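S.K.: So that we are looking at the same thing, I have put the structure below in structure tokens.
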Amino acid sequence: MDINQILGYAGALLIGVVLGLIGGGGSILTVPILVYLLFINPVTATAYSLFVVGVSSLVGALRNIQKGLVDFRTAIVFAIPAFIAVYIARKYLVPAIPEVIFSVGDFDLTNNIAIMLFFALVMLVASVSMIRNKREDNGEETEVSYNYPLIIVEGVLVGLITGIVGAGGGFLIIPALVLLAKLPMKKAVATSLLIIAIKSLIGFLGDVQNLDIDWTFLLIFTGLSVVGIFIGIYLSNFIEGKKLKKGFGWFVLVMGIYIIYKELTM
């Protein structure tokens, strides 16, 4: 096992620790770790990321269900358009992207570069969301209401983004649940994990039919991530996740800029 593999597996553990500590964000690291440390093709990396994100989120969701924090009706309303969109994206849209999208002089925008650039853009948006982090939970129970058209549109949008880049999209789902379904913050975070788990795993099913999956590697990587979640949950008893979130947001911002630079100068 070379140094890159060791760092890659350590990164899998880190993904889980971040998820356990701040309740999200760790999945945004999955694709860069798979691509730049373990040299996995970006299309395959986004597929693997869906599985890792799905299983990790499911672990967190089951924990929140036990605490009674998951709003199942909201999850169903949001998840149905989201998982339809993510399945279509993985099954039909991603395989349809041409190997070379366009050329300018000596530069060819390949499908791999395009996916990484789009992923970097999502990282930049996510980082701003984490850095600003102005939402507060006042703990009050408000009557849940539904703006169905907007929830469906948001679900489709999140599903498409998840399908293309393999990230969970919690930074988009949580504000939508707070603003469009009027859920309290704690319930929004808990419910988002169930939505992420469902749509990520269903999206991955679209890849099983298109890609040759290395199940041994994927299960080891995912297992380390799940172990990391429990470490993160334990550490959260001593470290306040909210304080870490802003610092992690700056890290994600730098990583997003680095990916754009790396992909455009290769």
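Ordering of the structure tokens sets the chain letters (A, B, ...), residue numbers begin anew at 1 in every chain, and ligands are numbered from 1 in the order given.
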Find the residues around segment 53-57 of chain A up to 8 Å (only C-alpha atoms counted), leave out those fewer than 5 positions away in its own chain, and share them as a CSV table (one decimal) with all heavy atoms, in the first residue's frame.

M.R.:
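What ended up in result14.csv:
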```csv
chain,number,residue,atom,x,y,z
A,16,GLY,N,-16.1,10.9,7.5
A,16,GLY,CA,-17.0,10.5,8.6
A,16,GLY,C,-16.9,11.4,9.8
A,16,GLY,O,-17.9,11.8,10.4
A,27,SER,N,-19.2,14.9,2.9
A,27,SER,CA,-19.3,14.3,1.6
A,27,SER,C,-18.7,15.1,0.5
A,27,SER,O,-18.4,14.6,-0.6
A,27,SER,CB,-20.8,14.0,1.3
A,27,SER,OG,-21.5,15.2,1.3
A,167,ALA,N,-22.3,14.6,-4.6
A,167,ALA,CA,-22.4,15.2,-3.2
A,167,ALA,C,-23.8,15.2,-2.7
A,167,ALA,O,-24.7,15.2,-3.5
A,167,ALA,CB,-21.8,16.6,-3.2
A,168,GLY,N,-24.0,15.2,-1.4
A,168,GLY,CA,-25.3,15.0,-0.8
A,168,GLY,C,-26.2,16.2,-1.0
A,168,GLY,O,-27.4,16.0,-1.1
A,193,LEU,N,-30.9,14.3,6.2
A,193,LEU,CA,-30.1,13.1,6.2
A,193,LEU,C,-30.8,11.9,5.5
A,193,LEU,O,-30.2,11.2,4.7
A,193,LEU,CB,-29.6,12.7,7.6
A,193,LEU,CG,-28.4,13.5,8.1
A,193,LEU,CD1,-28.1,13.1,9.5
A,193,LEU,CD2,-27.2,13.4,7.3
A,194,LEU,N,-32.1,11.8,5.9
A,194,LEU,CA,-32.9,10.7,5.3
A,194,LEU,C,-33.1,10.9,3.8
A,194,LEU,O,-33.0,10.0,3.0
A,194,LEU,CB,-34.2,10.6,6.0
A,194,LEU,CG,-35.2,9.5,5.5
A,194,LEU,CD1,-34.5,8.1,5.7
A,194,LEU,CD2,-36.5,9.5,6.2
A,196,ILE,N,-31.1,12.7,1.8
A,196,ILE,CA,-29.8,12.4,1.2
A,196,ILE,C,-29.5,10.9,1.0
A,196,ILE,O,-29.0,10.5,-0.1
A,196,ILE,CB,-28.7,13.1,2.0
A,196,ILE,CG1,-28.8,14.6,1.9
A,196,ILE,CG2,-27.3,12.7,1.5
A,196,ILE,CD1,-27.9,15.4,2.8
A,197,ALA,N,-29.8,10.2,2.0
A,197,ALA,CA,-29.6,8.7,2.0
A,197,ALA,C,-30.4,8.1,0.9
A,197,ALA,O,-29.8,7.3,0.1
A,197,ALA,CB,-29.9,8.1,3.3
A,198,ILE,N,-31.7,8.4,0.8
A,198,ILE,CA,-32.6,7.8,-0.2
A,198,ILE,C,-32.1,8.1,-1.6
A,198,ILE,O,-31.9,7.3,-2.4
A,198,ILE,CB,-34.0,8.2,0.0
A,198,ILE,CG1,-34.6,7.7,1.3
A,198,ILE,CG2,-34.9,7.8,-1.1
A,198,ILE,CD1,-35.9,8.2,1.8
A,199,LYS,N,-31.9,9.4,-1.9
A,199,LYS,CA,-31.6,9.8,-3.3
A,199,LYS,C,-30.2,9.4,-3.7
A,199,LYS,O,-30.0,9.1,-4.9
A,199,LYS,CB,-31.9,11.3,-3.5
A,199,LYS,CG,-30.9,12.3,-2.8
A,199,LYS,CD,-31.3,13.7,-3.0
A,199,LYS,CE,-30.4,14.7,-2.2
A,199,LYS,NZ,-29.0,14.6,-2.6
A,200,SER,N,-29.3,9.4,-2.8
A,200,SER,CA,-27.9,9.0,-3.1
A,200,SER,C,-27.9,7.5,-3.5
A,200,SER,O,-27.2,7.1,-4.5
A,200,SER,CB,-26.9,9.3,-2.0
A,200,SER,OG,-26.9,10.7,-1.7
A,201,LEU,N,-28.5,6.7,-2.7
A,201,LEU,CA,-28.5,5.2,-2.9
A,201,LEU,C,-29.3,4.9,-4.2
A,201,LEU,O,-28.9,4.0,-4.9
A,201,LEU,CB,-29.0,4.5,-1.7
A,201,LEU,CG,-28.1,4.6,-0.5
A,201,LEU,CD1,-28.8,3.9,0.8
A,201,LEU,CD2,-26.7,3.9,-0.7
A,222,THR,N,-16.2,2.9,2.5
A,222,THR,CA,-17.4,3.3,3.1
A,222,THR,C,-17.4,2.9,4.6
A,222,THR,O,-17.9,3.7,5.5
A,222,THR,CB,-18.6,2.7,2.4
A,222,THR,OG1,-18.6,3.0,1.0
A,222,THR,CG2,-20.0,3.1,3.0
A,225,SER,N,-15.5,5.4,6.6
A,225,SER,CA,-16.3,6.6,6.7
A,225,SER,C,-17.4,6.5,7.8
A,225,SER,O,-17.5,7.4,8.6
A,225,SER,CB,-17.1,6.9,5.4
A,225,SER,OG,-17.0,8.2,5.0
A,226,VAL,N,-18.0,5.3,7.9
A,226,VAL,CA,-19.0,5.1,9.0
A,226,VAL,C,-18.3,5.1,10.3
A,226,VAL,O,-18.9,5.7,11.3
A,226,VAL,CB,-19.8,3.8,8.7
A,226,VAL,CG1,-20.6,3.4,9.9
A,226,VAL,CG2,-20.6,3.9,7.4
A,229,ILE,N,-17.8,8.6,11.4
A,229,ILE,CA,-19.0,9.2,11.9
A,229,ILE,C,-19.1,9.0,13.4
A,229,ILE,O,-19.4,10.0,14.1
A,229,ILE,CB,-20.3,8.7,11.2
A,229,ILE,CG1,-20.4,9.2,9.8
A,229,ILE,CG2,-21.5,9.1,12.0
A,229,ILE,CD1,-21.5,8.7,9.0
```

S.K.: At a cut-off of 10 Å, using only C-alpha atoms, what residues contact Leu93 of chain A? Leave out same-chain residues fewer than 4 positions from it and give the result as an mmCIF file with all heavy atoms, in the first residue's frame.

M.R.:
```cif
data_model
loop_
_atom_site.group_PDB
_atom_site.id
_atom_site.type_symbol
_atom_site.label_atom_id
_atom_site.label_comp_id
_atom_site.auth_asym_id
_atom_site.auth_seq_id
_atom_site.Cartn_x
_atom_site.Cartn_y
_atom_site.Cartn_z
ATOM 1 N N VAL A 86 -32.135 12.332 -9.620
ATOM 2 C CA VAL A 86 -30.773 11.810 -9.462
ATOM 3 C C VAL A 86 -30.611 10.495 -10.233
ATOM 4 O O VAL A 86 -29.560 10.229 -10.827
ATOM 5 C CB VAL A 86 -30.403 11.638 -7.969
ATOM 6 C CG1 VAL A 86 -31.093 10.470 -7.326
ATOM 7 C CG2 VAL A 86 -28.895 11.480 -7.805
ATOM 8 N N TYR A 87 -31.649 9.675 -10.262
ATOM 9 C CA TYR A 87 -31.571 8.423 -11.017
ATOM 10 C C TYR A 87 -31.429 8.708 -12.513
ATOM 11 O O TYR A 87 -30.599 8.107 -13.201
ATOM 12 C CB TYR A 87 -32.810 7.562 -10.760
ATOM 13 C CG TYR A 87 -32.758 6.228 -11.487
ATOM 14 C CD1 TYR A 87 -32.074 5.147 -10.943
ATOM 15 C CD2 TYR A 87 -33.367 6.069 -12.728
ATOM 16 C CE1 TYR A 87 -32.012 3.930 -11.614
ATOM 17 C CE2 TYR A 87 -33.309 4.861 -13.403
ATOM 18 C CZ TYR A 87 -32.638 3.803 -12.849
ATOM 19 O OH TYR A 87 -32.566 2.606 -13.524
ATOM 20 N N ILE A 88 -32.241 9.640 -13.013
ATOM 21 C CA ILE A 88 -32.168 10.008 -14.436
ATOM 22 C C ILE A 88 -30.781 10.578 -14.768
ATOM 23 O O ILE A 88 -30.197 10.253 -15.808
ATOM 24 C CB ILE A 88 -33.274 11.027 -14.783
ATOM 25 C CG1 ILE A 88 -34.656 10.351 -14.748
ATOM 26 C CG2 ILE A 88 -33.032 11.660 -16.152
ATOM 27 C CD1 ILE A 88 -35.820 11.306 -14.877
ATOM 28 N N ALA A 89 -30.251 11.413 -13.860
ATOM 29 C CA ALA A 89 -28.928 12.018 -14.090
ATOM 30 C C ALA A 89 -27.851 10.938 -14.200
ATOM 31 O O ALA A 89 -26.999 10.988 -15.097
ATOM 32 C CB ALA A 89 -28.590 12.999 -12.969
ATOM 33 N N ILE A 97 -22.784 12.509 -21.619
ATOM 34 C CA ILE A 97 -21.824 13.613 -21.785
ATOM 35 C C ILE A 97 -20.715 13.144 -22.714
ATOM 36 O O ILE A 97 -20.057 12.124 -22.462
ATOM 37 C CB ILE A 97 -21.223 14.038 -20.428
ATOM 38 C CG1 ILE A 97 -22.320 14.520 -19.476
ATOM 39 C CG2 ILE A 97 -20.175 15.153 -20.636
ATOM 40 C CD1 ILE A 97 -21.838 14.812 -18.068
ATOM 41 N N LEU A 160 -30.554 16.631 -9.516
ATOM 42 C CA LEU A 160 -29.672 16.751 -10.679
ATOM 43 C C LEU A 160 -28.238 17.059 -10.252
ATOM 44 O O LEU A 160 -27.282 16.468 -10.771
ATOM 45 C CB LEU A 160 -30.187 17.845 -11.620
ATOM 46 C CG LEU A 160 -31.467 17.516 -12.398
ATOM 47 C CD1 LEU A 160 -31.960 18.737 -13.162
ATOM 48 C CD2 LEU A 160 -31.242 16.344 -13.351
ATOM 49 N N GLY A 163 -26.755 14.007 -8.692
ATOM 50 C CA GLY A 163 -26.462 13.013 -9.723
ATOM 51 C C GLY A 163 -25.192 13.313 -10.487
ATOM 52 O O GLY A 163 -24.425 12.406 -10.820
ATOM 53 N N ILE A 164 -24.941 14.583 -10.762
ATOM 54 C CA ILE A 164 -23.767 14.942 -11.570
ATOM 55 C C ILE A 164 -22.488 14.923 -10.749
ATOM 56 O O ILE A 164 -21.464 14.410 -11.199
ATOM 57 C CB ILE A 164 -23.977 16.327 -12.219
ATOM 58 C CG1 ILE A 164 -25.115 16.251 -13.248
ATOM 59 C CG2 ILE A 164 -22.683 16.802 -12.911
ATOM 60 C CD1 ILE A 164 -25.560 17.592 -13.781
#
```

S.K.: Fewer than 4 positions away in the same chain doesn't count, so skip those; otherwise give me all residues within 10 Å of Ile65 of chain A, counting only C-alpha atoms, as a PyMOL selection string.

M.R.: chain A and resi 60-61+69-72+190-191+194

S.K.: Mind dumping the selected residues with N, CA, C and O atoms as a JSON list (two decimals), in the first residue's frame?

M.R.:
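After the write, selection_26.json holds the following:
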```
[["chain", "number", "residue", "atom", "x", "y", "z"],
["A", 60, "GLY", "N", -26.68, 8.19, 10.02],
["A", 60, "GLY", "CA", -27.12, 9.36, 10.77],
["A", 60, "GLY", "C", -28.63, 9.47, 10.84],
["A", 60, "GLY", "O", -29.20, 9.84, 11.87],
["A", 61, "ALA", "N", -29.32, 9.12, 9.74],
["A", 61, "ALA", "CA", -30.79, 9.20, 9.69],
["A", 61, "ALA", "C", -31.43, 8.23, 10.68],
["A", 61, "ALA", "O", -32.39, 8.57, 11.38],
["A", 69, "LEU", "N", -36.71, 12.88, 15.45],
["A", 69, "LEU", "CA", -36.45, 14.18, 14.83],
["A", 69, "LEU", "C", -36.78, 14.24, 13.33],
["A", 69, "LEU", "O", -36.74, 15.31, 12.73],
["A", 70, "VAL", "N", -37.09, 13.09, 12.73],
["A", 70, "VAL", "CA", -37.31, 13.04, 11.28],
["A", 70, "VAL", "C", -38.78, 13.27, 10.96],
["A", 70, "VAL", "O", -39.66, 12.61, 11.50],
["A", 71, "ASP", "N", -39.06, 14.23, 10.07],
["A", 71, "ASP", "CA", -40.41, 14.49, 9.59],
["A", 71, "ASP", "C", -40.61, 13.68, 8.29],
["A", 71, "ASP", "O", -40.14, 14.08, 7.22],
["A", 72, "PHE", "N", -41.30, 12.54, 8.40],
["A", 72, "PHE", "CA", -41.38, 11.61, 7.27],
["A", 72, "PHE", "C", -42.19, 12.18, 6.10],
["A", 72, "PHE", "O", -41.85, 11.95, 4.94],
["A", 190, "ALA", "N", -32.06, 16.73, 10.53],
["A", 190, "ALA", "CA", -32.32, 15.30, 10.67],
["A", 190, "ALA", "C", -33.04, 14.75, 9.44],
["A", 190, "ALA", "O", -32.70, 13.68, 8.92],
["A", 191, "THR", "N", -34.05, 15.48, 8.96],
["A", 191, "THR", "CA", -34.83, 15.03, 7.80],
["A", 191, "THR", "C", -33.99, 15.04, 6.53],
["A", 191, "THR", "O", -34.13, 14.16, 5.67],
["A", 194, "LEU", "N", -32.09, 11.79, 5.89],
["A", 194, "LEU", "CA", -32.89, 10.70, 5.31],
["A", 194, "LEU", "C", -33.07, 10.93, 3.81],
["A", 194, "LEU", "O", -32.96, 9.99, 3.01]]
```

S.K.: Go through A:Lys243, A:Arg73, A:Arg63, A:Arg90 one by one, measure the shortest atom-to-atom distance of each to Ile202 of chain A using only C-alpha atoms, and give the residue with the smallest value.

M.R.: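 When distances to Ile202 of chain A are compared using only C-alpha atoms, the smallest one comes from A:Arg90.
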
S.K.: Given the choices A:Pro81, A:Pro98, A:Gly155, A:Gly232, which gets closest to Leu180 of chain A if the distance is worked out from only C-alpha atoms?

M.R.: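 Of A:Pro81, A:Pro98, A:Gly155, A:Gly232, the one nearest Leu180 of chain A, counting only C-alpha atoms, is A:Gly155.
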
S.K.: Considering only C-alpha atoms, can you say which of A:Leu205, A:Ala126, A:Val94, A:Ala10 comes closest to Ala114 of chain A?

M.R.: A:Val94

S.K.: As number ranges by chain, which residues of segment 91-230 of chain A does DSSP assign to strand (DSSP E)?

M.R.: A: 100-104, 107-110

S.K.: Do you have the atom CA of Gly203 of chain A-atom CA of Leu50 of chain A distance handy?

M.R.: 7.0 Å

S.K.: With only C-alpha atoms as the basis for distance, which of A:Leu29, A:Val208, A:Ala47, A:Ala176 is at the shortest distance from Phe78 of chain A?

M.R.: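 For Phe78 of chain A, the nearest of the given residues is A:Ala176.
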
S.K.: Can you work out which one of A:Val43, A:Ile257, A:Ile233, A:Val165 has the shortest atom-to-atom distance to Asn111 of chain A, counting only C-alpha atoms?

M.R.: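 Once distances to Asn111 of chain A are computed over only C-alpha atoms, the minimum belongs to A:Val43.
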
S.K.: Calculate how many Å separate atom CA of Asn64 of chain A from atom CA of Lys187 of chain A, rounding to one decimal.

M.R.: 8.9 Å

S.K.: Considering only C-alpha atoms, return as a count of residues only whatever protein or nucleic-acid residues lie within 9 Å of Thr44 of chain A, sequence-local ones (same chain, fewer than 6 positions apart) excluded.

M.R.: 4

S.K.: Might you pull out every residue within 12 Å of Leu34 of chain A, with only C-alpha atoms counted and same-chain residues fewer than 2 positions away left off, and present them as a ChimeraX atom specification?

M.R.: /A:4-5,7-12,15,27-32,36-49,52,116,166,217-218,221-222
